[in-house]
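Student: Just model05.cif, nothing more (mmCIF, C-alpha atoms and all ligand atoms):
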```cif
data_query
loop_
_atom_site.label_atom_id
_atom_site.label_comp_id
_atom_site.auth_asym_id
_atom_site.auth_seq_id
_atom_site.Cartn_x
_atom_site.Cartn_y
_atom_site.Cartn_z
CA MET A 1 211.70 -79.97 -114.90
CA PRO A 2 210.80 -83.38 -116.36
CA SER A 3 210.73 -83.89 -120.10
CA ILE A 4 207.23 -84.12 -121.50
CA LEU A 5 207.57 -86.43 -124.50
CA PRO A 6 204.89 -86.46 -127.20
CA LEU A 7 203.64 -89.91 -128.17
CA THR A 8 205.94 -91.29 -130.90
CA PRO A 9 207.37 -94.80 -131.38
CA GLU A 10 210.83 -93.48 -130.42
CA ASN A 11 209.52 -91.91 -127.22
CA ILE A 12 207.66 -95.10 -126.27
CA GLU A 13 210.99 -96.93 -126.60
CA LYS A 14 212.70 -94.23 -124.54
CA ALA A 15 210.09 -94.51 -121.79
CA ALA A 16 210.22 -98.33 -121.87
CA THR A 17 214.00 -98.27 -121.51
CA ALA A 18 213.76 -95.88 -118.56
CA LEU A 19 211.22 -98.18 -116.87
CA ARG A 20 213.47 -101.21 -117.34
CA ALA A 21 216.33 -99.19 -115.84
CA GLY A 22 214.30 -98.65 -112.66
CA GLU A 23 213.33 -95.03 -113.36
CA LEU A 24 209.95 -93.39 -112.84
CA VAL A 25 207.89 -92.68 -115.96
CA ALA A 26 204.50 -90.96 -115.93
CA PHE A 27 202.27 -92.51 -118.57
CA PRO A 28 198.74 -91.95 -119.88
CA THR A 29 195.86 -94.39 -119.35
CA GLU A 30 192.18 -93.86 -120.16
CA THR A 31 191.43 -93.19 -116.46
CA VAL A 32 194.22 -90.92 -115.19
CA TYR A 33 197.98 -90.55 -115.72
CA GLY A 34 199.96 -93.19 -113.82
CA LEU A 35 203.35 -92.89 -112.14
CA GLY A 36 205.01 -96.03 -113.47
CA ALA A 37 207.88 -98.12 -112.15
CA ASP A 38 209.13 -101.69 -112.67
CA ALA A 39 206.82 -103.67 -110.36
CA THR A 40 209.42 -106.43 -109.90
CA ASN A 41 212.08 -104.00 -108.65
CA ASP A 42 211.79 -103.04 -104.96
CA LYS A 43 213.97 -99.97 -105.36
CA ALA A 44 211.98 -98.69 -108.32
CA VAL A 45 208.70 -99.23 -106.45
CA ALA A 46 210.11 -97.44 -103.42
CA LYS A 47 210.77 -94.42 -105.63
CA ILE A 48 207.02 -94.20 -106.30
CA TYR A 49 206.19 -93.97 -102.60
CA GLU A 50 208.94 -91.40 -102.17
CA ALA A 51 207.84 -89.23 -105.12
CA LYS A 52 204.21 -89.33 -104.01
CA ASN A 53 204.89 -89.01 -100.27
CA ARG A 54 202.57 -91.98 -100.06
CA PRO A 55 202.00 -93.84 -96.78
CA SER A 56 203.84 -97.09 -97.36
CA PHE A 57 200.88 -99.24 -96.28
CA ASN A 58 199.04 -98.29 -99.46
CA PRO A 59 199.42 -101.02 -102.13
CA LEU A 60 199.73 -100.13 -105.82
CA ILE A 61 197.99 -101.21 -109.03
CA VAL A 62 200.10 -103.32 -111.42
CA HIS A 63 199.58 -102.75 -115.16
CA LEU A 64 199.99 -105.42 -117.84
CA PRO A 65 199.40 -105.20 -121.61
CA ASP A 66 197.10 -108.25 -121.74
CA ILE A 67 195.24 -110.82 -119.65
CA ASP A 68 197.87 -113.50 -120.25
CA GLY A 69 200.42 -111.25 -118.59
CA VAL A 70 198.21 -111.05 -115.48
CA ARG A 71 197.65 -114.84 -115.50
CA ARG A 72 201.39 -115.40 -115.14
CA LEU A 73 201.36 -113.50 -111.84
CA ALA A 74 197.93 -114.13 -110.27
CA GLU A 75 195.55 -116.98 -109.43
CA PHE A 76 192.35 -116.75 -111.47
CA SER A 77 189.03 -118.05 -110.14
CA PRO A 78 186.17 -118.79 -112.58
CA LEU A 79 184.76 -115.43 -111.52
CA ALA A 80 188.03 -113.67 -112.41
CA ASP A 81 187.95 -115.47 -115.79
CA ARG A 82 184.50 -114.09 -116.53
CA LEU A 83 185.04 -110.57 -115.30
CA SER A 84 188.43 -110.12 -116.96
CA ALA A 85 187.08 -111.41 -120.28
CA LYS A 86 184.24 -108.90 -120.06
CA PHE A 87 185.97 -105.78 -118.72
CA TRP A 88 189.64 -105.97 -119.77
CA PRO A 89 191.16 -103.99 -121.28
CA GLY A 90 189.39 -101.27 -119.31
CA ALA A 91 188.89 -99.02 -116.30
CA ILE A 92 188.76 -101.73 -113.63
CA SER A 93 191.41 -103.33 -111.41
CA PHE A 94 190.95 -106.75 -109.81
CA VAL A 95 192.49 -107.69 -106.49
CA LEU A 96 193.74 -111.27 -106.98
CA PRO A 97 195.91 -113.71 -105.00
CA ARG A 98 199.62 -113.67 -105.91
CA LYS A 99 200.79 -116.93 -107.46
CA PRO A 100 203.45 -118.84 -105.52
CA GLY A 101 206.80 -117.44 -106.59
CA CYS A 102 205.15 -114.31 -108.01
CA PRO A 103 208.08 -112.05 -109.01
CA LEU A 104 206.29 -108.82 -108.05
CA SER A 105 207.92 -106.71 -105.38
CA LYS A 106 206.34 -107.28 -101.95
CA LEU A 107 206.23 -103.54 -101.60
CA VAL A 108 203.71 -103.38 -104.46
CA SER A 109 201.35 -105.48 -102.34
CA ALA A 110 202.29 -103.62 -99.15
CA GLY A 111 202.89 -107.04 -97.64
CA LEU A 112 199.46 -108.49 -98.56
CA PRO A 113 199.23 -111.94 -100.23
CA THR A 114 197.27 -110.24 -103.04
CA PHE A 115 197.80 -107.51 -105.62
CA ALA A 116 195.63 -105.29 -107.80
CA ALA A 117 196.01 -105.84 -111.55
CA ARG A 118 194.79 -103.83 -114.49
CA VAL A 119 194.96 -104.08 -118.28
CA PRO A 120 194.34 -100.50 -119.43
CA ALA A 121 192.34 -99.78 -122.57
CA LYS A 122 194.36 -96.82 -123.86
CA LYS A 123 196.45 -98.02 -126.78
CA SER A 124 199.50 -95.93 -125.89
CA ALA A 125 199.52 -97.45 -122.39
CA ARG A 126 199.47 -100.99 -123.75
CA ASP A 127 202.12 -100.15 -126.35
CA LEU A 128 204.37 -98.87 -123.58
CA LEU A 129 203.72 -101.91 -121.37
CA ARG A 130 204.46 -104.27 -124.24
CA ALA A 131 207.65 -102.39 -125.13
CA ALA A 132 208.78 -102.40 -121.49
CA GLY A 133 208.14 -106.13 -121.14
CA ILE A 134 207.77 -105.87 -117.35
CA PRO A 135 204.76 -105.42 -115.06
CA VAL A 136 204.45 -101.72 -114.25
CA ALA A 137 203.26 -100.48 -110.87
CA GLY A 138 201.32 -97.27 -111.32
CA PRO A 139 199.36 -95.19 -108.88
CA SER A 140 197.94 -91.92 -110.09
CA ALA A 141 200.82 -89.54 -110.89
CA ASN A 142 200.14 -86.98 -108.18
CA ARG A 143 201.45 -86.38 -104.69
CA SER A 144 199.45 -88.23 -102.07
CA GLY A 145 196.28 -86.37 -101.16
CA ARG A 146 196.31 -84.15 -104.25
CA ILE A 147 194.00 -84.24 -107.25
CA SER A 148 194.68 -86.97 -109.79
CA PRO A 149 196.19 -85.83 -113.12
CA THR A 150 194.20 -86.20 -116.33
CA GLN A 151 196.70 -84.25 -118.45
CA ALA A 152 200.50 -84.36 -118.80
CA ALA A 153 200.72 -80.75 -117.60
CA HIS A 154 199.02 -81.69 -114.29
CA VAL A 155 201.75 -84.27 -113.66
CA ALA A 156 204.50 -81.76 -114.42
CA SER A 157 203.06 -79.11 -112.11
CA ASP A 158 202.46 -81.51 -109.20
CA LEU A 159 205.48 -83.84 -109.35
CA GLY A 160 208.01 -81.59 -111.10
CA ASP A 161 211.42 -83.23 -111.33
CA ARG A 162 210.41 -86.09 -109.02
CA VAL A 163 209.67 -87.81 -112.34
CA SER A 164 212.14 -87.94 -115.23
CA ILE A 165 209.83 -88.63 -118.18
CA ILE A 166 206.17 -87.83 -118.80
CA LEU A 167 204.74 -89.55 -121.86
CA ASP A 168 202.02 -87.25 -123.24
CA ASP A 169 199.00 -88.73 -125.00
CA GLY A 170 196.51 -85.92 -124.39
CA PRO A 171 193.67 -85.77 -121.85
CA CYS A 172 192.28 -88.95 -120.28
CA ALA A 173 188.90 -90.02 -121.69
CA VAL A 174 187.43 -91.55 -118.50
CA GLY A 175 188.88 -89.07 -116.02
CA VAL A 176 188.36 -90.97 -112.74
CA GLU A 177 190.49 -93.87 -111.52
CA SER A 178 189.66 -97.49 -112.19
CA THR A 179 187.13 -99.35 -110.10
CA VAL A 180 188.96 -101.59 -107.60
CA LEU A 181 187.13 -104.91 -107.25
CA ASP A 182 188.29 -107.44 -104.67
CA LEU A 183 187.93 -110.99 -106.04
CA THR A 184 189.75 -112.75 -103.21
CA GLY A 185 186.71 -113.41 -100.98
CA GLY A 186 183.36 -115.11 -101.52
CA THR A 187 181.47 -112.10 -102.84
CA PRO A 188 183.14 -109.64 -105.24
CA THR A 189 183.52 -106.38 -103.34
CA ILE A 190 184.05 -102.88 -104.67
CA LEU A 191 186.88 -101.35 -102.67
CA ARG A 192 186.88 -98.15 -104.70
CA PRO A 193 184.16 -96.99 -107.12
CA GLY A 194 185.59 -95.96 -110.48
CA GLY A 195 185.35 -96.02 -114.26
CA VAL A 196 183.37 -99.28 -114.51
CA THR A 197 180.07 -98.98 -112.67
CA GLN A 198 178.59 -101.27 -110.02
CA GLU A 199 175.54 -101.61 -112.29
CA ASP A 200 177.71 -102.92 -115.18
CA ILE A 201 179.43 -105.48 -112.96
CA GLU A 202 176.12 -106.69 -111.47
CA ALA A 203 174.53 -106.94 -114.93
CA THR A 204 177.46 -109.07 -116.12
CA LEU A 205 177.31 -111.40 -113.11
CA GLY A 206 173.51 -111.42 -112.83
CA GLN A 207 173.85 -110.99 -109.05
CA PRO A 208 174.41 -108.19 -106.56
CA ILE A 209 177.96 -107.50 -105.37
CA ALA A 210 179.23 -105.94 -102.14
CA VAL A 211 180.57 -102.43 -101.63
CA ALA A 212 183.12 -101.78 -98.89
CA SER A 213 182.09 -98.85 -96.73
CA SER A 214 184.61 -96.04 -96.60
CA ASN A 215 185.12 -96.35 -92.87
CA GLU A 216 188.15 -94.25 -92.08
CA ASP A 217 188.99 -96.30 -88.98
CA SER A 218 189.47 -99.59 -90.79
CA PRO A 219 189.87 -98.96 -94.49
CA LYS A 220 189.67 -102.29 -96.33
CA SER A 221 191.47 -100.61 -99.17
CA PRO A 222 193.85 -97.93 -97.95
CA GLY A 223 192.78 -95.89 -100.98
CA MET A 224 189.55 -95.44 -99.05
CA LEU A 225 191.21 -93.02 -96.63
CA LEU A 226 188.71 -90.20 -96.41
CA SER A 227 190.88 -87.14 -96.93
CA HIS A 228 192.18 -87.93 -100.38
CA TYR A 229 191.93 -86.31 -103.78
CA ALA A 230 191.95 -82.89 -102.17
CA PRO A 231 192.49 -79.56 -103.87
CA ARG A 232 194.24 -76.95 -101.75
CA LEU A 233 191.03 -74.91 -101.36
CA PRO A 234 188.16 -76.10 -99.16
CA VAL A 235 185.39 -77.86 -101.07
CA ARG A 236 181.64 -77.53 -100.32
CA LEU A 237 179.27 -80.13 -101.77
CA ASN A 238 175.65 -80.10 -102.97
CA ALA A 239 175.83 -76.34 -103.39
CA ARG A 240 172.98 -74.55 -105.16
CA GLY A 241 175.32 -71.69 -105.91
CA PRO A 242 178.52 -70.00 -104.77
CA ASN A 243 178.87 -68.11 -101.50
CA ASP A 244 180.90 -64.90 -101.47
CA GLY A 245 184.39 -65.55 -102.80
CA GLU A 246 183.77 -69.13 -103.85
CA ALA A 247 184.21 -70.57 -107.31
CA TYR A 248 181.19 -72.60 -108.43
CA LEU A 249 181.55 -75.91 -110.23
CA GLY A 250 178.20 -76.66 -111.81
CA PHE A 251 176.46 -79.69 -113.28
CA GLY A 252 173.55 -79.80 -115.71
CA GLY A 253 171.40 -76.67 -115.59
CA SER A 254 173.44 -74.84 -112.91
CA THR A 255 173.58 -71.12 -113.49
CA GLY A 256 176.33 -68.72 -112.43
CA ALA A 257 178.96 -71.46 -112.51
CA GLU A 258 182.63 -70.70 -113.27
CA MET A 259 182.80 -74.13 -114.90
CA ASN A 260 180.22 -76.83 -115.57
CA LEU A 261 181.12 -80.55 -115.39
CA SER A 262 178.49 -81.28 -118.01
CA VAL A 263 175.93 -78.79 -119.22
CA ARG A 264 173.97 -81.74 -120.68
CA GLY A 265 173.96 -83.45 -117.29
CA ASP A 266 175.98 -86.34 -118.73
CA LEU A 267 177.89 -88.29 -116.05
CA THR A 268 180.49 -89.69 -118.45
CA GLU A 269 181.39 -86.19 -119.59
CA ALA A 270 181.39 -85.01 -115.96
CA ALA A 271 183.85 -87.74 -114.91
CA ALA A 272 186.19 -86.87 -117.76
CA ASN A 273 186.15 -83.18 -116.72
CA LEU A 274 186.20 -83.63 -112.92
CA PHE A 275 189.90 -83.52 -112.02
CA ALA A 276 190.87 -81.05 -114.75
CA PHE A 277 188.18 -78.60 -113.59
CA LEU A 278 189.12 -79.02 -109.91
CA HIS A 279 192.74 -78.30 -110.89
CA GLU A 280 191.60 -75.21 -112.78
CA LEU A 281 189.46 -73.83 -109.93
CA ASP A 282 192.01 -74.60 -107.22
CA ASP A 283 193.36 -71.07 -107.38
CA PRO A 284 194.00 -68.61 -104.55
CA ARG A 285 191.84 -65.96 -106.22
CA TRP A 286 188.91 -67.89 -104.72
CA SER A 287 188.22 -68.78 -101.08
CA GLY A 288 186.77 -72.21 -101.81
CA ILE A 289 185.11 -74.41 -104.40
CA ALA A 290 181.35 -74.98 -104.23
CA VAL A 291 180.17 -77.98 -106.22
CA ALA A 292 176.64 -78.68 -107.47
CA ALA A 293 174.88 -81.94 -106.53
CA ILE A 294 175.70 -84.94 -108.74
CA PRO A 295 173.24 -87.85 -109.04
CA GLU A 296 174.33 -90.95 -107.04
CA GLU A 297 174.03 -93.47 -109.87
CA GLY A 298 176.34 -95.08 -112.43
CA LEU A 299 179.55 -93.05 -112.80
CA GLY A 300 178.02 -90.50 -110.41
CA ARG A 301 179.02 -92.84 -107.55
CA ALA A 302 182.71 -92.58 -108.49
CA ILE A 303 182.42 -88.80 -108.96
CA ASN A 304 180.69 -88.33 -105.58
CA ASP A 305 183.24 -90.61 -103.89
CA ARG A 306 186.08 -88.37 -105.11
CA LEU A 307 184.15 -85.19 -104.20
CA ARG A 308 183.40 -86.41 -100.66
CA ARG A 309 187.10 -87.07 -100.17
CA ALA A 310 187.98 -83.66 -101.59
CA ALA A 311 185.56 -82.10 -99.07
CA ALA A 312 186.54 -84.24 -96.07
CA PRO A 313 188.34 -82.69 -93.09
CA ARG A 314 192.05 -82.63 -93.90
CA GLY A 315 194.17 -85.05 -91.91
O1 LIG A 401 192.91 -95.70 -112.74
C1 LIG A 401 193.70 -96.13 -111.91
O2 LIG A 401 193.44 -97.09 -111.15
C2 LIG A 401 195.08 -95.46 -111.81
C3 LIG A 401 195.76 -95.66 -113.15
C4 LIG A 401 197.13 -95.06 -113.21
O3 LIG A 401 195.81 -97.05 -113.45
N1 LIG A 401 195.85 -96.01 -110.74
C5 LIG A 401 195.54 -95.79 -109.45
O4 LIG A 401 196.34 -96.49 -108.60
O5 LIG A 401 194.63 -95.08 -109.08
P1 LIG A 401 196.45 -96.19 -107.06
O6 LIG A 401 197.69 -96.91 -106.62
O7 LIG A 401 196.36 -94.73 -106.79
O8 LIG A 401 195.22 -96.89 -106.43
C6 LIG A 401 195.30 -98.21 -105.98
C7 LIG A 401 194.02 -98.56 -105.26
C8 LIG A 401 194.06 -98.06 -103.84
O9 LIG A 401 192.75 -97.76 -103.43
C9 LIG A 401 194.64 -99.26 -103.11
O10 LIG A 401 194.37 -99.25 -101.76
C10 LIG A 401 193.96 -100.41 -103.84
O11 LIG A 401 193.93 -99.99 -105.18
N2 LIG A 401 194.73 -101.66 -103.81
C11 LIG A 401 195.85 -101.97 -104.48
N3 LIG A 401 196.29 -103.20 -104.19
C12 LIG A 401 195.42 -103.70 -103.30
C13 LIG A 401 195.33 -104.95 -102.60
N4 LIG A 401 196.24 -105.91 -102.75
N5 LIG A 401 194.28 -105.11 -101.75
C14 LIG A 401 193.36 -104.12 -101.58
N6 LIG A 401 193.39 -102.93 -102.22
C15 LIG A 401 194.41 -102.72 -103.05
MG MG A 402 195.57 -91.80 -106.51
#
```
Output the file's structure as structure tokens, nothing else.
Tutor:
Amino acid sequence: MPSILPLTPENIEKAATALRAGELVAFPTETVYGLGADATNDKAVAKIYEAKNRPSFNPLIVHLPDIDGVRRLAEFSPLADRLSAKFWPGAISFVLPRKPGCPLSKLVSAGLPTFAARVPAKKSARDLLRAAGIPVAGPSANRSGRISPTQAAHVASDLGDRVSIILDDGPCAVGVESTVLDLTGGTPTILRPGGVTQEDIEATLGQPIAVASSNEDSPKSPGMLLSHYAPRLPVRLNARGPNDGEAYLGFGGSTGAEMNLSVRGDLTEAAANLFAFLHELDDPRWSGIAVAAIPEEGLGRAINDRLRRAAAPRG
């Protein structure tokens, strides 16, 4: 089994050294745990795809400790200047053009002339990135198609010894992945809803932005593949209650629920609980997971996006 290392300065150094040596390190961010590798090292990046069983056409998010680090690798438009100043560090990734001579592995971009960058807000993540001194590619630290990990124990149970080190900094505060915003075209376009809401981005820009439809035939972002984020059990959405044998995941005033994403009906709390509760209920003593309706606004969009994928026909 992998070693789960509690957050100490020595363990940050240990994890940073492993990253520089081309090893895989699972690390905490405020969204979900990431499966990190040196983003300039093709072999290290390849290990990520291997550990996750990830289709190789799916590009990865690259993590840096500060905006200056991203500027060394990517072209910034005036729009990217504004949005990064407002939302970084934070739960949003921007798809930006690679600079000429960009040292990032081509595998990270899956051959595209762009890459997705993120400066995470969690202090331990930035401490690790600074100690490593290299850009770190990091998808969520789960096997492809499984639920994203919001605790170190989730990573250990899903990836086992496919990862050598798991740096443990407790549960993730946001609980859903970062918003992926494409800044390479004319209109900023949300490729994946996430921790920063469409409403927040539009309020900052003072103009509406576009949202890519999750069309399974031509996913603009491969992360939009419909059957994704799936527990092993079948998932039924907008349920008023459980059918025979089902576990019920409630929201707000739901009664008879095994677990409730937020009794107060708070979407931030619900996002933080989402993956941990799905992990918990994904147990063979039930026949399926019925989930209460979640309002389609603010963080509810990201939650519903993940739930629709969890409920989609398995491919
Ligand atoms: O919160 C998060 O974003 C987590 C933590 C660990 O940072 N990471 C994460 O990474 O979820 P990943 O690799 O699972 O998701 C990357 C998403 C996918 O939807 C992918 O298709 C999209 O970003 N993406 C990455 N690079 C892209 C690019 N160059 N063009 C379009 N989409 C891209
Ligand atoms: Mg993922």
Student: Place a sphere of radius 6 Å on (196.5, -86.8, -119.2) in the file coordinates and name every protein, DNA or RNA residue with an atom inside or on its surface, counting all atoms listed in the file; give the answer as number ranges by chain.
Tutor: A: 28, 33, 150-152, 170-172
Student: Tell me, in Å to one decimal, how far CA of Gly245 in chain A is from CA of Leu261 in chain A.
Tutor: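 It comes out at 19.9 Å.
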Student: Which residues are near ligand LIG 401 (chain A) - at most 8 Å, using all atoms listed in the file? Format: as a ChimeraX atom specification.
Tutor: /A:27-36,58-63,91-93,95-96,108-110,112-118,120,137-141,176-180,182,191-192,194-195,220-224
Student: Report as a PyMOL selection string all protein, DNA and RNA residues lying within 6 Å of Asp168 in chain A, evaluated on all atoms listed in the file, omitting residues in the same chain fewer than 3 positions from it.
Tutor: chain A and resi 5-7+152
Student: By how many Å are CA of Glu269 in chain A and CA of Asp283 in chain A apart?
Tutor: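 Going from CA of Glu269 in chain A over to CA of Asp283 in chain A, I get 22.8 Å.
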Student: Please indicate the distance in Å from CA of Thr184 in chain A to CA of Leu129 in chain A, rounded to one decimal place.
Tutor: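 These atoms are spaced 25.3 Å apart.
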Student: For a quick check of understanding, using only C-alpha atoms, which of A:Leu183, A:Gly288, A:Pro242, A:Lys86 has the smallest distance to Ile201 in chain A?
Tutor: A:Lys86
Student: Would you kindly return, as a short mmCIF file (atom, residue, chain, number, x, y, z; two decimals) with C-alpha atoms, in the frame of the given file, each protein, DNA or RNA residue with an atom no farther than 7 Å from any atom of Thr40 in chain A, considering all atoms listed in the file and excluding same-chain residues fewer than 5 positions away?
Tutor:
```cif
data_model
loop_
_atom_site.label_atom_id
_atom_site.label_comp_id
_atom_site.auth_asym_id
_atom_site.auth_seq_id
_atom_site.Cartn_x
_atom_site.Cartn_y
_atom_site.Cartn_z
CA PRO A 103 208.08 -112.05 -109.01
CA LEU A 104 206.29 -108.82 -108.05
CA SER A 105 207.92 -106.71 -105.38
#
```
Student: Rank A:Ala230, A:Ile4, A:Ala257, A:Val174 by their smallest atom-to-atom distance to ligand MG 402 (chain A), using only C-alpha atoms and all ligand atoms, and report the top residue only.
Tutor: A:Ala230
Student: Tell me which of A:Ile147, A:Leu205, A:Ala212, A:Ile190 sits closest to Leu159 in chain A, counting all atoms listed in the file.
Tutor: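 Nearest to Leu159 in chain A: A:Ile147.
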Student: Return range 285-301 of chain A, completed with N, CA, C and O atoms, as a short mmCIF file (atom, residue, chain, number, x, y, z; two decimals), in the coordinates of the input.
Tutor:
```
data_model
loop_
_atom_site.label_atom_id
_atom_site.label_comp_id
_atom_site.auth_asym_id
_atom_site.auth_seq_id
_atom_site.Cartn_x
_atom_site.Cartn_y
_atom_site.Cartn_z
N ARG A 285 192.73 -67.12 -106.06
CA ARG A 285 191.84 -65.96 -106.22
C ARG A 285 190.44 -66.27 -105.69
O ARG A 285 189.62 -65.37 -105.53
N TRP A 286 190.16 -67.55 -105.38
CA TRP A 286 188.91 -67.89 -104.72
C TRP A 286 189.16 -68.36 -103.30
O TRP A 286 190.26 -68.77 -102.96
N SER A 287 188.08 -68.35 -102.48
CA SER A 287 188.22 -68.78 -101.08
C SER A 287 187.86 -70.25 -100.92
O SER A 287 188.15 -70.86 -99.90
N GLY A 288 187.19 -70.81 -101.91
CA GLY A 288 186.77 -72.21 -101.81
C GLY A 288 186.11 -72.62 -103.11
O GLY A 288 185.92 -71.78 -104.01
N ILE A 289 185.79 -73.92 -103.21
CA ILE A 289 185.11 -74.41 -104.40
C ILE A 289 183.77 -75.01 -103.98
O ILE A 289 183.73 -75.95 -103.17
N ALA A 290 182.69 -74.44 -104.48
CA ALA A 290 181.35 -74.98 -104.23
C ALA A 290 180.97 -75.85 -105.42
O ALA A 290 181.17 -75.45 -106.57
N VAL A 291 180.47 -77.05 -105.13
CA VAL A 291 180.17 -77.98 -106.22
C VAL A 291 178.68 -78.34 -106.19
O VAL A 291 178.12 -78.64 -105.13
N ALA A 292 178.06 -78.31 -107.36
CA ALA A 292 176.64 -78.68 -107.47
C ALA A 292 176.44 -80.15 -107.15
O ALA A 292 177.37 -80.95 -107.20
N ALA A 293 175.20 -80.54 -106.82
CA ALA A 293 174.88 -81.94 -106.53
C ALA A 293 175.01 -82.78 -107.80
O ALA A 293 174.68 -82.34 -108.90
N ILE A 294 175.54 -83.99 -107.63
CA ILE A 294 175.70 -84.94 -108.74
C ILE A 294 174.86 -86.16 -108.40
O ILE A 294 174.93 -86.66 -107.27
N PRO A 295 174.08 -86.68 -109.35
CA PRO A 295 173.24 -87.85 -109.04
C PRO A 295 174.06 -89.07 -108.63
O PRO A 295 175.10 -89.35 -109.23
N GLU A 296 173.61 -89.79 -107.59
CA GLU A 296 174.33 -90.95 -107.04
C GLU A 296 173.93 -92.21 -107.80
O GLU A 296 173.28 -93.11 -107.27
N GLU A 297 174.32 -92.27 -109.06
CA GLU A 297 174.03 -93.47 -109.87
C GLU A 297 175.11 -93.61 -110.94
O GLU A 297 175.72 -92.63 -111.34
N GLY A 298 175.34 -94.86 -111.39
CA GLY A 298 176.34 -95.08 -112.43
C GLY A 298 177.67 -94.43 -112.08
O GLY A 298 178.15 -94.55 -110.95
N LEU A 299 178.27 -93.71 -113.04
CA LEU A 299 179.55 -93.05 -112.80
C LEU A 299 179.45 -91.95 -111.74
O LEU A 299 180.45 -91.52 -111.18
N GLY A 300 178.23 -91.50 -111.46
CA GLY A 300 178.02 -90.50 -110.41
C GLY A 300 178.53 -90.98 -109.06
O GLY A 300 178.96 -90.19 -108.23
N ARG A 301 178.50 -92.30 -108.82
CA ARG A 301 179.02 -92.84 -107.55
C ARG A 301 180.51 -92.59 -107.43
O ARG A 301 181.01 -92.23 -106.35
#
```
